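Engineer: Provided herewith: query.cif, mmCIF, C-alpha atoms.
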```cif
data_my_file
loop_
_atom_site.label_atom_id
_atom_site.label_comp_id
_atom_site.auth_asym_id
_atom_site.auth_seq_id
_atom_site.Cartn_x
_atom_site.Cartn_y
_atom_site.Cartn_z
CA MET A 1 -31.03 39.55 -22.17
CA LYS A 2 -32.43 38.72 -25.05
CA SER A 3 -35.55 37.48 -25.99
CA LYS A 4 -38.58 38.79 -27.46
CA ILE A 5 -39.87 42.31 -27.49
CA PHE A 6 -43.35 42.39 -26.12
CA LEU A 7 -45.48 44.16 -28.70
CA MET A 8 -48.84 44.13 -26.98
CA ALA A 9 -50.36 47.48 -26.14
CA SER A 10 -49.83 47.16 -22.40
CA ALA A 11 -46.11 46.66 -22.78
CA ILE A 12 -45.85 49.51 -25.28
CA ALA A 13 -47.30 51.79 -22.64
CA VAL A 14 -44.73 50.69 -20.10
CA LEU A 15 -41.86 51.07 -22.54
CA SER A 16 -42.98 54.13 -24.47
CA SER A 17 -39.76 56.07 -23.99
CA CYS A 18 -37.71 53.00 -24.94
CA ASN A 19 -39.75 52.34 -28.06
CA GLU A 20 -39.53 55.96 -29.13
CA ALA A 21 -35.76 55.70 -28.89
CA GLU A 22 -35.81 52.45 -30.88
CA ASN A 23 -37.58 54.22 -33.74
CA SER A 24 -34.83 56.80 -34.05
CA LYS A 25 -31.77 56.23 -36.20
CA THR A 26 -29.50 53.60 -34.62
CA PRO A 27 -25.89 54.77 -34.18
CA THR A 28 -23.17 52.60 -35.64
CA THR A 29 -20.61 53.34 -32.94
CA ASP A 30 -20.27 51.84 -29.48
CA THR A 31 -20.01 55.21 -27.72
CA THR A 32 -22.60 55.67 -24.99
CA GLN A 33 -24.56 58.83 -24.40
CA THR A 34 -24.84 59.96 -20.78
CA ASN A 35 -28.06 61.63 -19.68
CA THR A 36 -28.12 64.93 -17.87
CA ALA A 37 -27.61 65.07 -14.12
CA ALA A 38 -31.27 65.98 -13.66
CA THR A 39 -32.36 62.82 -15.45
CA ALA A 40 -29.80 60.70 -13.60
CA ASP A 41 -31.21 61.79 -10.24
CA LYS A 42 -34.27 59.59 -10.70
CA TYR A 43 -32.21 56.38 -10.63
CA LEU A 44 -31.24 54.47 -7.51
CA GLN A 45 -27.72 53.89 -8.87
CA GLN A 46 -25.53 55.02 -11.76
CA PRO A 47 -23.89 52.84 -14.45
CA LEU A 48 -20.62 51.15 -13.53
CA VAL A 49 -19.10 52.16 -16.88
CA SER A 50 -20.18 54.48 -19.68
CA ASN A 51 -17.50 53.81 -22.31
CA ILE A 52 -19.38 50.71 -23.56
CA TYR A 53 -22.85 49.26 -23.22
CA THR A 54 -23.06 46.34 -20.78
CA ALA A 55 -25.84 44.02 -19.61
CA ASP A 56 -26.60 40.74 -17.83
CA PRO A 57 -23.92 41.14 -15.15
CA SER A 58 -22.59 37.94 -13.57
CA ALA A 59 -20.51 39.10 -10.60
CA HIS A 60 -17.97 37.08 -8.60
CA VAL A 61 -15.31 37.71 -5.99
CA PHE A 62 -11.94 36.29 -7.07
CA ASN A 63 -8.77 36.97 -5.06
CA GLY A 64 -10.61 39.55 -2.96
CA ARG A 65 -11.60 41.62 -6.02
CA ILE A 66 -15.00 41.89 -7.70
CA TYR A 67 -15.12 40.74 -11.32
CA VAL A 68 -18.20 41.33 -13.46
CA TYR A 69 -18.85 39.20 -16.54
CA PRO A 70 -21.47 41.06 -18.60
CA SER A 71 -22.83 40.91 -22.09
CA HIS A 72 -21.43 43.61 -24.38
CA ASP A 73 -24.30 45.33 -26.17
CA THR A 74 -23.47 46.93 -29.51
CA ALA A 75 -25.43 48.97 -32.05
CA THR A 76 -25.01 46.68 -35.06
CA GLY A 77 -28.15 47.86 -36.81
CA THR A 78 -29.65 44.35 -36.76
CA PRO A 79 -33.44 44.70 -37.18
CA GLN A 80 -35.51 44.20 -34.05
CA ASN A 81 -37.75 41.13 -33.88
CA ASP A 82 -39.51 38.81 -31.47
CA ASN A 83 -36.55 36.40 -31.29
CA GLY A 84 -34.15 39.07 -30.04
CA ASP A 85 -31.95 39.18 -33.15
CA HIS A 86 -31.13 42.82 -32.35
CA PHE A 87 -29.23 41.54 -29.29
CA ASN A 88 -26.37 40.76 -31.67
CA MET A 89 -23.36 40.76 -29.35
CA MET A 90 -19.91 39.94 -30.71
CA ASP A 91 -17.57 39.78 -27.71
CA TYR A 92 -17.15 40.02 -23.94
CA HIS A 93 -15.47 42.73 -21.87
CA ILE A 94 -14.76 41.91 -18.22
CA LEU A 95 -15.00 44.60 -15.55
CA SER A 96 -13.37 44.61 -12.12
CA MET A 97 -13.17 46.73 -8.98
CA ASP A 98 -11.66 46.45 -5.53
CA ALA A 99 -15.01 47.13 -3.86
CA VAL A 100 -18.45 48.47 -4.71
CA GLY A 101 -18.04 52.21 -5.24
CA SER A 102 -14.36 52.03 -6.18
CA LYS A 103 -12.81 52.62 -9.60
CA VAL A 104 -14.00 50.19 -12.27
CA THR A 105 -11.54 48.74 -14.79
CA ASP A 106 -12.61 47.61 -18.25
CA HIS A 107 -10.11 44.89 -19.21
CA GLY A 108 -10.97 45.02 -22.91
CA VAL A 109 -11.97 42.13 -25.14
CA ALA A 110 -11.73 38.83 -23.25
CA LEU A 111 -13.31 36.62 -25.92
CA HIS A 112 -14.55 37.37 -29.44
CA ILE A 113 -17.05 35.33 -31.42
CA LYS A 114 -14.55 34.91 -34.26
CA ASP A 115 -12.34 32.92 -31.89
CA ILE A 116 -15.06 30.36 -31.06
CA PRO A 117 -14.74 27.66 -33.76
CA TRP A 118 -18.31 26.39 -33.58
CA ALA A 119 -20.11 29.73 -33.09
CA GLY A 120 -22.59 31.27 -35.47
CA ARG A 121 -24.01 34.42 -33.90
CA GLN A 122 -25.21 36.18 -30.75
CA LEU A 123 -22.97 35.93 -27.68
CA TRP A 124 -25.50 36.29 -24.90
CA ALA A 125 -25.27 36.39 -21.09
CA PRO A 126 -22.15 34.63 -19.70
CA ASP A 127 -20.96 33.44 -16.29
CA ALA A 128 -17.63 32.44 -14.78
CA ALA A 129 -16.13 30.08 -12.19
CA PHE A 130 -12.74 29.19 -10.73
CA ALA A 131 -11.47 25.63 -10.18
CA ASN A 132 -8.39 23.55 -10.88
CA GLY A 133 -6.23 26.69 -10.87
CA THR A 134 -8.17 27.90 -13.92
CA TYR A 135 -10.86 30.46 -14.65
CA TYR A 136 -13.77 29.24 -16.75
CA LEU A 137 -16.00 31.48 -18.85
CA TYR A 138 -19.35 29.93 -19.78
CA PHE A 139 -21.29 31.47 -22.64
CA PRO A 140 -24.37 30.82 -24.80
CA VAL A 141 -24.07 31.37 -28.53
CA LYS A 142 -25.98 30.08 -31.53
CA ASP A 143 -24.10 27.42 -33.43
CA LYS A 144 -23.84 27.34 -37.20
CA GLN A 145 -27.29 25.70 -37.35
CA ASP A 146 -28.70 28.67 -35.38
CA VAL A 147 -29.33 26.59 -32.24
CA PHE A 148 -28.23 27.99 -28.88
CA ARG A 149 -25.58 25.90 -27.11
CA ILE A 150 -23.39 26.65 -24.11
CA GLY A 151 -19.64 26.83 -24.53
CA VAL A 152 -16.71 27.17 -22.19
CA ALA A 153 -13.41 29.03 -22.44
CA THR A 154 -10.44 29.06 -20.06
CA SER A 155 -7.82 31.46 -18.76
CA LYS A 156 -5.21 31.62 -16.02
CA THR A 157 -6.44 35.07 -15.00
CA PRO A 158 -9.99 36.15 -14.11
CA GLU A 159 -9.99 38.97 -16.65
CA GLY A 160 -8.80 36.80 -19.53
CA PRO A 161 -8.19 36.67 -22.41
CA PHE A 162 -10.04 33.34 -22.64
CA THR A 163 -9.49 30.49 -25.07
CA ALA A 164 -12.64 28.69 -26.19
CA GLU A 165 -13.01 24.94 -26.44
CA LYS A 166 -13.47 23.63 -29.98
CA GLU A 167 -16.97 22.31 -29.29
CA PRO A 168 -19.89 23.30 -27.02
CA ILE A 169 -20.51 21.42 -23.79
CA LYS A 170 -22.06 18.10 -24.78
CA GLY A 171 -25.73 18.00 -23.82
CA SER A 172 -25.98 21.76 -23.30
CA TYR A 173 -28.63 23.98 -24.83
CA SER A 174 -30.52 27.26 -24.52
CA ILE A 175 -29.08 30.31 -22.73
CA ASP A 176 -28.05 32.08 -19.52
CA PRO A 177 -25.61 29.69 -17.81
CA CYS A 178 -25.10 30.31 -14.09
CA VAL A 179 -22.43 28.24 -12.33
CA PHE A 180 -22.72 27.79 -8.57
CA LYS A 181 -20.19 26.21 -6.21
CA ASP A 182 -21.77 24.48 -3.23
CA ASP A 183 -20.13 24.11 0.17
CA ASP A 184 -19.02 20.54 -0.60
CA GLY A 185 -17.06 21.71 -3.65
CA SER A 186 -19.62 20.53 -6.20
CA TYR A 187 -20.41 22.81 -9.14
CA TYR A 188 -23.82 23.10 -10.77
CA MET A 189 -24.87 24.88 -13.95
CA TYR A 190 -28.33 26.43 -14.13
CA PHE A 191 -29.59 27.56 -17.53
CA GLY A 192 -32.49 28.12 -19.89
CA GLY A 193 -34.67 30.80 -21.40
CA ILE A 194 -37.96 30.63 -23.27
CA TRP A 195 -38.98 32.60 -26.37
CA GLY A 196 -35.73 33.71 -28.05
CA GLY A 197 -33.76 31.47 -25.70
CA GLN A 198 -35.26 28.40 -27.42
CA LEU A 199 -35.96 26.39 -24.24
CA GLN A 200 -39.43 25.54 -25.59
CA ARG A 201 -37.69 23.47 -28.29
CA TRP A 202 -36.24 21.05 -25.75
CA ASN A 203 -38.25 18.25 -24.16
CA ASN A 204 -36.53 15.41 -22.29
CA ASN A 205 -33.25 16.95 -23.51
CA LYS A 206 -34.18 16.31 -27.13
CA TYR A 207 -34.40 19.09 -29.72
CA ASP A 208 -37.56 19.76 -31.68
CA SER A 209 -37.27 22.71 -34.07
CA ALA A 210 -41.06 22.95 -34.06
CA GLY A 211 -41.31 23.05 -30.26
CA LYS A 212 -43.88 25.60 -29.14
CA LEU A 213 -44.44 27.82 -26.14
CA ARG A 214 -46.93 26.58 -23.58
CA GLN A 215 -50.56 27.66 -23.62
CA PRO A 216 -51.86 29.70 -20.63
CA ASN A 217 -53.41 26.71 -18.83
CA GLU A 218 -50.49 24.36 -19.47
CA LEU A 219 -47.69 23.88 -16.95
CA ALA A 220 -44.92 26.41 -17.46
CA ILE A 221 -41.62 25.35 -18.99
CA LEU A 222 -39.09 24.65 -16.24
CA PRO A 223 -35.48 25.84 -15.92
CA ARG A 224 -32.65 23.32 -16.15
CA VAL A 225 -29.70 22.23 -14.01
CA ALA A 226 -26.74 19.91 -14.52
CA LYS A 227 -23.88 18.98 -12.25
CA LEU A 228 -20.48 19.78 -13.71
CA SER A 229 -17.71 17.22 -13.99
CA ALA A 230 -14.36 17.74 -12.28
CA ASP A 231 -12.90 19.09 -15.53
CA MET A 232 -15.53 21.89 -15.49
CA LYS A 233 -15.98 21.37 -19.23
CA SER A 234 -18.65 18.68 -19.25
CA PHE A 235 -21.78 17.53 -17.43
CA ALA A 236 -21.42 14.80 -14.82
CA GLY A 237 -24.94 13.53 -15.43
CA PRO A 238 -28.14 14.24 -17.33
CA VAL A 239 -29.71 17.68 -17.50
CA LYS A 240 -32.68 17.87 -15.14
CA GLU A 241 -35.68 20.16 -14.75
CA ILE A 242 -35.92 22.42 -11.69
CA LYS A 243 -39.27 22.61 -9.96
CA VAL A 244 -40.40 26.08 -8.88
CA VAL A 245 -43.60 25.78 -6.84
CA ASP A 246 -46.06 27.88 -4.88
CA SER A 247 -46.55 27.70 -1.12
CA ALA A 248 -48.83 24.67 -1.58
CA GLY A 249 -46.23 22.81 -3.64
CA ASN A 250 -47.96 23.31 -6.98
CA LEU A 251 -46.07 23.96 -10.20
CA TYR A 252 -46.90 27.19 -12.00
CA LYS A 253 -48.81 27.41 -15.25
CA GLU A 254 -47.81 29.58 -18.18
CA LYS A 255 -50.53 32.07 -17.30
CA ASP A 256 -48.73 32.69 -13.99
CA ASN A 257 -46.24 34.81 -15.89
CA ASP A 258 -45.52 37.08 -12.94
CA ARG A 259 -43.95 34.09 -11.14
CA ARG A 260 -43.04 31.39 -13.65
CA PHE A 261 -39.52 31.05 -15.02
CA PHE A 262 -38.60 32.91 -18.20
CA GLU A 263 -34.77 33.29 -18.19
CA ALA A 264 -31.75 34.65 -16.25
CA ALA A 265 -31.28 32.01 -13.55
CA TRP A 266 -28.99 32.80 -10.60
CA MET A 267 -28.16 30.74 -7.52
CA HIS A 268 -26.73 31.86 -4.19
CA LYS A 269 -26.74 30.52 -0.66
CA TYR A 270 -27.72 32.44 2.47
CA ASN A 271 -27.95 31.06 6.01
CA GLY A 272 -27.91 27.47 4.76
CA LYS A 273 -30.73 27.96 2.24
CA TYR A 274 -30.51 27.90 -1.55
CA TYR A 275 -31.91 30.97 -3.30
CA PHE A 276 -32.91 30.42 -6.93
CA SER A 277 -33.70 33.73 -8.62
CA TYR A 278 -34.73 34.45 -12.19
CA SER A 279 -36.49 36.81 -14.60
CA THR A 280 -40.19 36.49 -15.38
CA GLY A 281 -39.52 38.01 -18.80
CA ASP A 282 -42.69 39.49 -20.22
CA THR A 283 -43.72 40.75 -16.75
CA HIS A 284 -40.19 42.08 -16.18
CA ASN A 285 -39.62 41.05 -12.55
CA ILE A 286 -36.63 39.40 -10.97
CA VAL A 287 -38.16 36.98 -8.47
CA TYR A 288 -36.75 34.38 -6.10
CA ALA A 289 -37.60 31.01 -4.59
CA ILE A 290 -35.95 29.19 -1.68
CA GLY A 291 -35.07 25.52 -1.27
CA ASP A 292 -33.07 23.04 0.81
CA SER A 293 -31.16 21.49 -2.11
CA PRO A 294 -29.16 22.98 -5.00
CA THR A 295 -31.43 21.14 -7.44
CA GLY A 296 -34.74 22.10 -5.81
CA PRO A 297 -37.61 22.08 -5.46
CA PHE A 298 -37.75 25.82 -4.76
CA THR A 299 -40.70 27.61 -3.19
CA TYR A 300 -41.55 31.02 -4.61
CA LYS A 301 -41.11 33.88 -2.13
CA GLY A 302 -41.50 37.17 -3.97
CA ILE A 303 -40.06 39.94 -6.11
CA LEU A 304 -36.36 40.63 -5.67
CA LEU A 305 -36.01 43.40 -8.28
CA ALA A 306 -38.98 45.32 -9.64
CA PRO A 307 -39.06 46.07 -13.38
CA VAL A 308 -36.28 48.30 -14.66
CA GLU A 309 -36.33 50.63 -17.66
CA GLY A 310 -36.02 48.51 -20.78
CA TRP A 311 -37.64 45.19 -21.66
CA THR A 312 -35.09 42.81 -20.13
CA ASN A 313 -34.20 42.24 -16.49
CA HIS A 314 -31.12 40.20 -15.55
CA HIS A 315 -29.07 40.09 -12.36
CA SER A 316 -26.52 38.44 -10.08
CA ILE A 317 -25.90 38.43 -6.32
CA ILE A 318 -22.64 38.33 -4.35
CA GLU A 319 -21.35 38.85 -0.82
CA LYS A 320 -18.34 41.11 -0.26
CA ASP A 321 -16.92 42.35 3.05
CA GLY A 322 -19.98 41.29 5.02
CA LYS A 323 -22.51 42.94 2.70
CA TRP A 324 -24.67 41.52 -0.07
CA TYR A 325 -24.94 43.19 -3.46
CA LEU A 326 -27.32 42.98 -6.40
CA PHE A 327 -25.94 43.60 -9.89
CA TYR A 328 -28.47 44.43 -12.61
CA HIS A 329 -28.93 46.55 -15.74
CA ASP A 330 -31.25 49.15 -17.22
CA ILE A 331 -31.18 51.52 -20.23
CA GLN A 332 -30.35 54.84 -18.57
CA LEU A 333 -27.53 55.72 -20.97
CA SER A 334 -29.22 54.94 -24.28
CA GLY A 335 -32.97 54.70 -23.83
CA LYS A 336 -32.80 51.65 -26.11
CA THR A 337 -33.74 48.20 -24.93
CA HIS A 338 -30.77 46.51 -26.63
CA LEU A 339 -28.14 49.02 -25.41
CA ARG A 340 -28.01 48.59 -21.66
CA ASN A 341 -25.79 49.57 -18.72
CA VAL A 342 -24.79 47.56 -15.66
CA LYS A 343 -25.39 48.82 -12.12
CA VAL A 344 -25.03 47.58 -8.54
CA THR A 345 -26.83 48.23 -5.27
CA GLU A 346 -26.84 46.75 -1.77
CA LEU A 347 -29.23 43.88 -1.09
CA LYS A 348 -31.05 43.63 2.23
CA TYR A 349 -32.45 40.51 3.91
CA ASN A 350 -35.33 40.49 6.36
CA ALA A 351 -35.09 38.63 9.67
CA ASP A 352 -37.06 35.68 8.25
CA GLY A 353 -34.65 35.24 5.34
CA THR A 354 -36.82 36.94 2.73
CA ILE A 355 -35.33 39.69 0.60
CA ALA A 356 -36.42 43.33 0.55
CA THR A 357 -37.57 44.23 -2.95
CA VAL A 358 -35.24 46.58 -4.82
CA HIS A 359 -36.71 49.42 -6.90
CA SER A 360 -34.22 50.75 -9.42
CA GLN A 361 -35.78 54.19 -9.65
CA LYS A 362 -36.38 56.65 -6.81
#
```
Could you render the structure from this file as structure tokens?
Structural biologist:
Amino acid sequence: MKSKIFLMASAIAVLSSCNEAENSKTPTTDTTQTNTAATADKYLQQPLVSNIYTADPSAHVFNGRIYVYPSHDTATGTPQNDNGDHFNMMDYHILSMDAVGSKVTDHGVALHIKDIPWAGRQLWAPDAAFANGTYYLYFPVKDKQDVFRIGVATSKTPEGPFTAEKEPIKGSYSIDPCVFKDDDGSYYMYFGGIWGGQLQRWNNNKYDSAGKLRQPNELAILPRVAKLSADMKSFAGPVKEIKVVDSAGNLYKEKDNDRRFFEAAWMHKYNGKYYFSYSTGDTHNIVYAIGDSPTGPFTYKGILLAPVEGWTNHHSIIEKDGKWYLFYHDIQLSGKTHLRNVKVTELKYNADGTIATVHSQK
């Protein structure tokens, strides 16, 4: 969700319509603009809601109902830059529906940045979990020193409102938390994002404000995982790196940017295997890797979601009523890379456990 806008000529060609829209006057309201039916016909699916801009959908099934925890994009007029400052989100709205294709409810503001004591700016992609009779909302936001940390807020209902803890999770950093419950009841948090997500500033879990991105021939920066404590508000042990490897067991280098991790981690389990999926960022794919343990290593398998309209690509995967679904976003409603809209489509597995690539446009 986030990160840096790729300004090289090749990316400008891919995103020409988006960039043209970015150069127009930015509206100050949060009202979306729906394209004509003729334009809409080119898309595989239509936005879940059009009253607000939504992105980075983390979907879950709670009490038999689908709840979606997205980012809430707003047109704040913040200048666009390589660190993603124009992704200047202020709050979260939670969406829900009985089933895919049914009426979608926008439950309104579930958490606002002004109600997070330690927050500075930019509420980016969240996730949620249920345990201990409580719903937990996990969110990345820059603290008052402009460093991304991950916070947690609680509610007795899945739609909120949520009350934030007074401090971020100790030992947390960077962006895009994804919380996964394994079959034994253990919970794990996956997180991290390079470029605007600041993961390059963290080595051995220590912060270096001068930390740099890797060079093409250097090993790529790895995503992170931590096991959650029983209270769901702290880490049970140290944050660890997750190895994503090729079929020969080799780690990827930064130049392998069509396969290496960039941001937007998601974990799900299918037929006893762990599927770790993520965005490649500047090459705009959602890809996936498969492993035998929730902490890896994971072997790269292929592209799950081909590039969508807009610079970012961010997703989640759930099972509901015997079918699997992929939630994602694009920029159909606005044409602007920081004003996105959430969508959903069915996900298909092949007989060997690989996933059929989804193309968001017809």
Engineer: Rank A:Pro223, A:Pro140, A:Asp292, A:Lys301 by their smallest atom-to-atom distance to Arg259 of chain A, using all atoms listed in the file, and report the top residue only.
Structural biologist: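 Nearest to Arg259 of chain A: A:Lys301.
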Engineer: Pull out every residue that the PyMOL selection byres ((chain A and resi 361) around 7) matches in the shown coordinates and put them as a PyMOL selection string.
Structural biologist: chain A and resi 42-44+359-360+362
Engineer: Restrict the selected residues to C-alpha atoms and save them as a short mmCIF file (atom, residue, chain, number, x, y, z; two decimals), in the coordinates of the input.
Structural biologist:
```cif
data_model
loop_
_atom_site.label_atom_id
_atom_site.label_comp_id
_atom_site.auth_asym_id
_atom_site.auth_seq_id
_atom_site.Cartn_x
_atom_site.Cartn_y
_atom_site.Cartn_z
CA LYS A 42 -34.27 59.59 -10.70
CA TYR A 43 -32.21 56.38 -10.63
CA LEU A 44 -31.24 54.47 -7.51
CA HIS A 359 -36.71 49.42 -6.90
CA SER A 360 -34.22 50.75 -9.42
CA LYS A 362 -36.38 56.65 -6.81
#
```
Engineer: Of the residues A:Gly322, A:Gly237, A:Pro216, A:Pro117, which is the one nearest to Asp256 of chain A, using all atoms listed in the file?
Structural biologist: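 Closest to Asp256 of chain A of all the choices is A:Pro216.
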Engineer: To verify the selection step, state as a list in words which residues the PyMOL selection byres ((chain A and resi 311) around 7) yields on this input.
Structural biologist: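 In the shown coordinates, the PyMOL selection byres ((chain A and resi 311) around 7) covers Ile5, His284, Glu309, Gly310, Thr312, Asn313 and Thr337 of chain A.
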Engineer: In Å, how far is it from atom CA of Ser229 of chain A to atom CA of Asp183 of chain A?
Structural biologist: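 Between atom CA of Ser229 of chain A and atom CA of Asp183 of chain A the gap works out to 15.9 Å.
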Engineer: Measuring atom to atom with all atoms listed in the file, identify which of A:Leu48, A:Ala289, A:Ala59, A:Ala40 is nearest to Ser277 of chain A.
Structural biologist: A:Ala289
Engineer: So which residues touch Phe261 of chain A within 7 Å, counting only C-alpha atoms, skipping near sequence neighbours fewer than 6 positions away, as a ChimeraX atom specification?
Structural biologist: /A:222-223,278-280
Engineer: What is the atom CA of Pro70 of chain A to atom CA of Asn350 of chain A distance in Å?
Structural biologist: 28.6 Å
Engineer: On this structure, the PyMOL selection byres ((chain A and resi 162-168) around 12) would catch which residues? List them as a PyMOL selection string, sorted by chain and number.
Structural biologist: chain A and resi 91-94+108-120+128+134-144+147-161+169-174+232-235
Engineer: Calculate how many Å separate atom CA of Ser71 of chain A from atom CA of Asp106 of chain A, rounding to one decimal.
Structural biologist: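 Going from atom CA of Ser71 of chain A over to atom CA of Asp106 of chain A, I get 12.8 Å.
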Engineer: Measuring atom to atom with only C-alpha atoms, identify which of A:Gly211, A:Thr354, A:Leu339, A:Tyr300 is nearest to Thr76 of chain A.
Structural biologist: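 Ranked by minimum distance to Thr76 of chain A, first place goes to A:Leu339.
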Engineer: Residues within 8 Å of Ala236 of chain A, please, as an mmCIF file with C-alpha atoms, keeping the file's coordinate frame. Count all atoms listed in the file; anything in the same chain fewer than 5 positions from it doesn't count.
Structural biologist:
```
data_model
loop_
_atom_site.group_PDB
_atom_site.id
_atom_site.type_symbol
_atom_site.label_atom_id
_atom_site.label_comp_id
_atom_site.auth_asym_id
_atom_site.auth_seq_id
_atom_site.Cartn_x
_atom_site.Cartn_y
_atom_site.Cartn_z
ATOM 1 C CA ALA A 226 -26.740 19.910 -14.520
ATOM 2 C CA LYS A 227 -23.880 18.980 -12.250
ATOM 3 C CA LEU A 228 -20.480 19.780 -13.710
ATOM 4 C CA SER A 229 -17.710 17.220 -13.990
#
```
Engineer: With distances taken over only C-alpha atoms, which of A:Asp82, A:Lys206, A:Tyr190, A:Ile66 is nearest to Asp282 of chain A?
Structural biologist: A:Asp82
Engineer: Report as a PDB file with C-alpha atoms, keeping the file's coordinate frame all protein, DNA and RNA residues lying within 10 Å of Val344 of chain A, evaluated on only C-alpha atoms, omitting residues in the same chain fewer than 3 positions from it.
Structural biologist:
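Final file, selection-v1.pdb:
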```pdb
ATOM      1  CA  LEU A  44     -31.240  54.470  -7.510  1.00  0.00           C
ATOM      2  CA  GLN A  45     -27.720  53.890  -8.870  1.00  0.00           C
ATOM      3  CA  GLN A  46     -25.530  55.020 -11.760  1.00  0.00           C
ATOM      4  CA  PRO A  47     -23.890  52.840 -14.450  1.00  0.00           C
ATOM      5  CA  LEU A  48     -20.620  51.150 -13.530  1.00  0.00           C
ATOM      6  CA  PRO A  57     -23.920  41.140 -15.150  1.00  0.00           C
ATOM      7  CA  ALA A  59     -20.510  39.100 -10.600  1.00  0.00           C
ATOM      8  CA  VAL A 100     -18.450  48.470  -4.710  1.00  0.00           C
ATOM      9  CA  GLY A 101     -18.040  52.210  -5.240  1.00  0.00           C
ATOM     10  CA  HIS A 315     -29.070  40.090 -12.360  1.00  0.00           C
ATOM     11  CA  SER A 316     -26.520  38.440 -10.080  1.00  0.00           C
ATOM     12  CA  ILE A 317     -25.900  38.430  -6.320  1.00  0.00           C
ATOM     13  CA  TYR A 325     -24.940  43.190  -3.460  1.00  0.00           C
ATOM     14  CA  LEU A 326     -27.320  42.980  -6.400  1.00  0.00           C
ATOM     15  CA  PHE A 327     -25.940  43.600  -9.890  1.00  0.00           C
ATOM     16  CA  TYR A 328     -28.470  44.430 -12.610  1.00  0.00           C
ATOM     17  CA  HIS A 329     -28.930  46.550 -15.740  1.00  0.00           C
ATOM     18  CA  LEU A 347     -29.230  43.880  -1.090  1.00  0.00           C
ATOM     19  CA  SER A 360     -34.220  50.750  -9.420  1.00  0.00           C
TER      20      SER A 360
END
```
Engineer: Of the candidates A:Ala129, A:Val225, A:Leu95, A:Ile52, which one gets nearest to Tyr188 of chain A if we count all atoms listed in the file?
Structural biologist: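 Nearest candidate to Tyr188 of chain A out of A:Ala129, A:Val225, A:Leu95, A:Ile52: A:Val225.
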Engineer: If we count only C-alpha atoms, what is near Lys253 of chain A at a cut-off of 7 Å, once residues fewer than 2 positions away on the same chain are taken out, given as number ranges by chain?
Structural biologist: A: 216-220, 251, 255-256
Engineer: Neighbouring residues of Thr299 of chain A were defined as those with any atom within 7 Å, considering only C-alpha atoms; residues of the same chain fewer than 4 positions away were excluded. Please report them as a compact mmCIF listing (two decimals) with C-alpha atoms, in the frame of the given file.
Structural biologist:
```
# COMPACT_ATOMS: atom_id res chain seq x y z
CA VAL A 244 -40.40 26.08 -8.88
CA VAL A 245 -43.60 25.78 -6.84
CA ASP A 246 -46.06 27.88 -4.88
CA SER A 247 -46.55 27.70 -1.12
CA ALA A 289 -37.60 31.01 -4.59
CA ILE A 290 -35.95 29.19 -1.68
CA GLY A 291 -35.07 25.52 -1.27
```
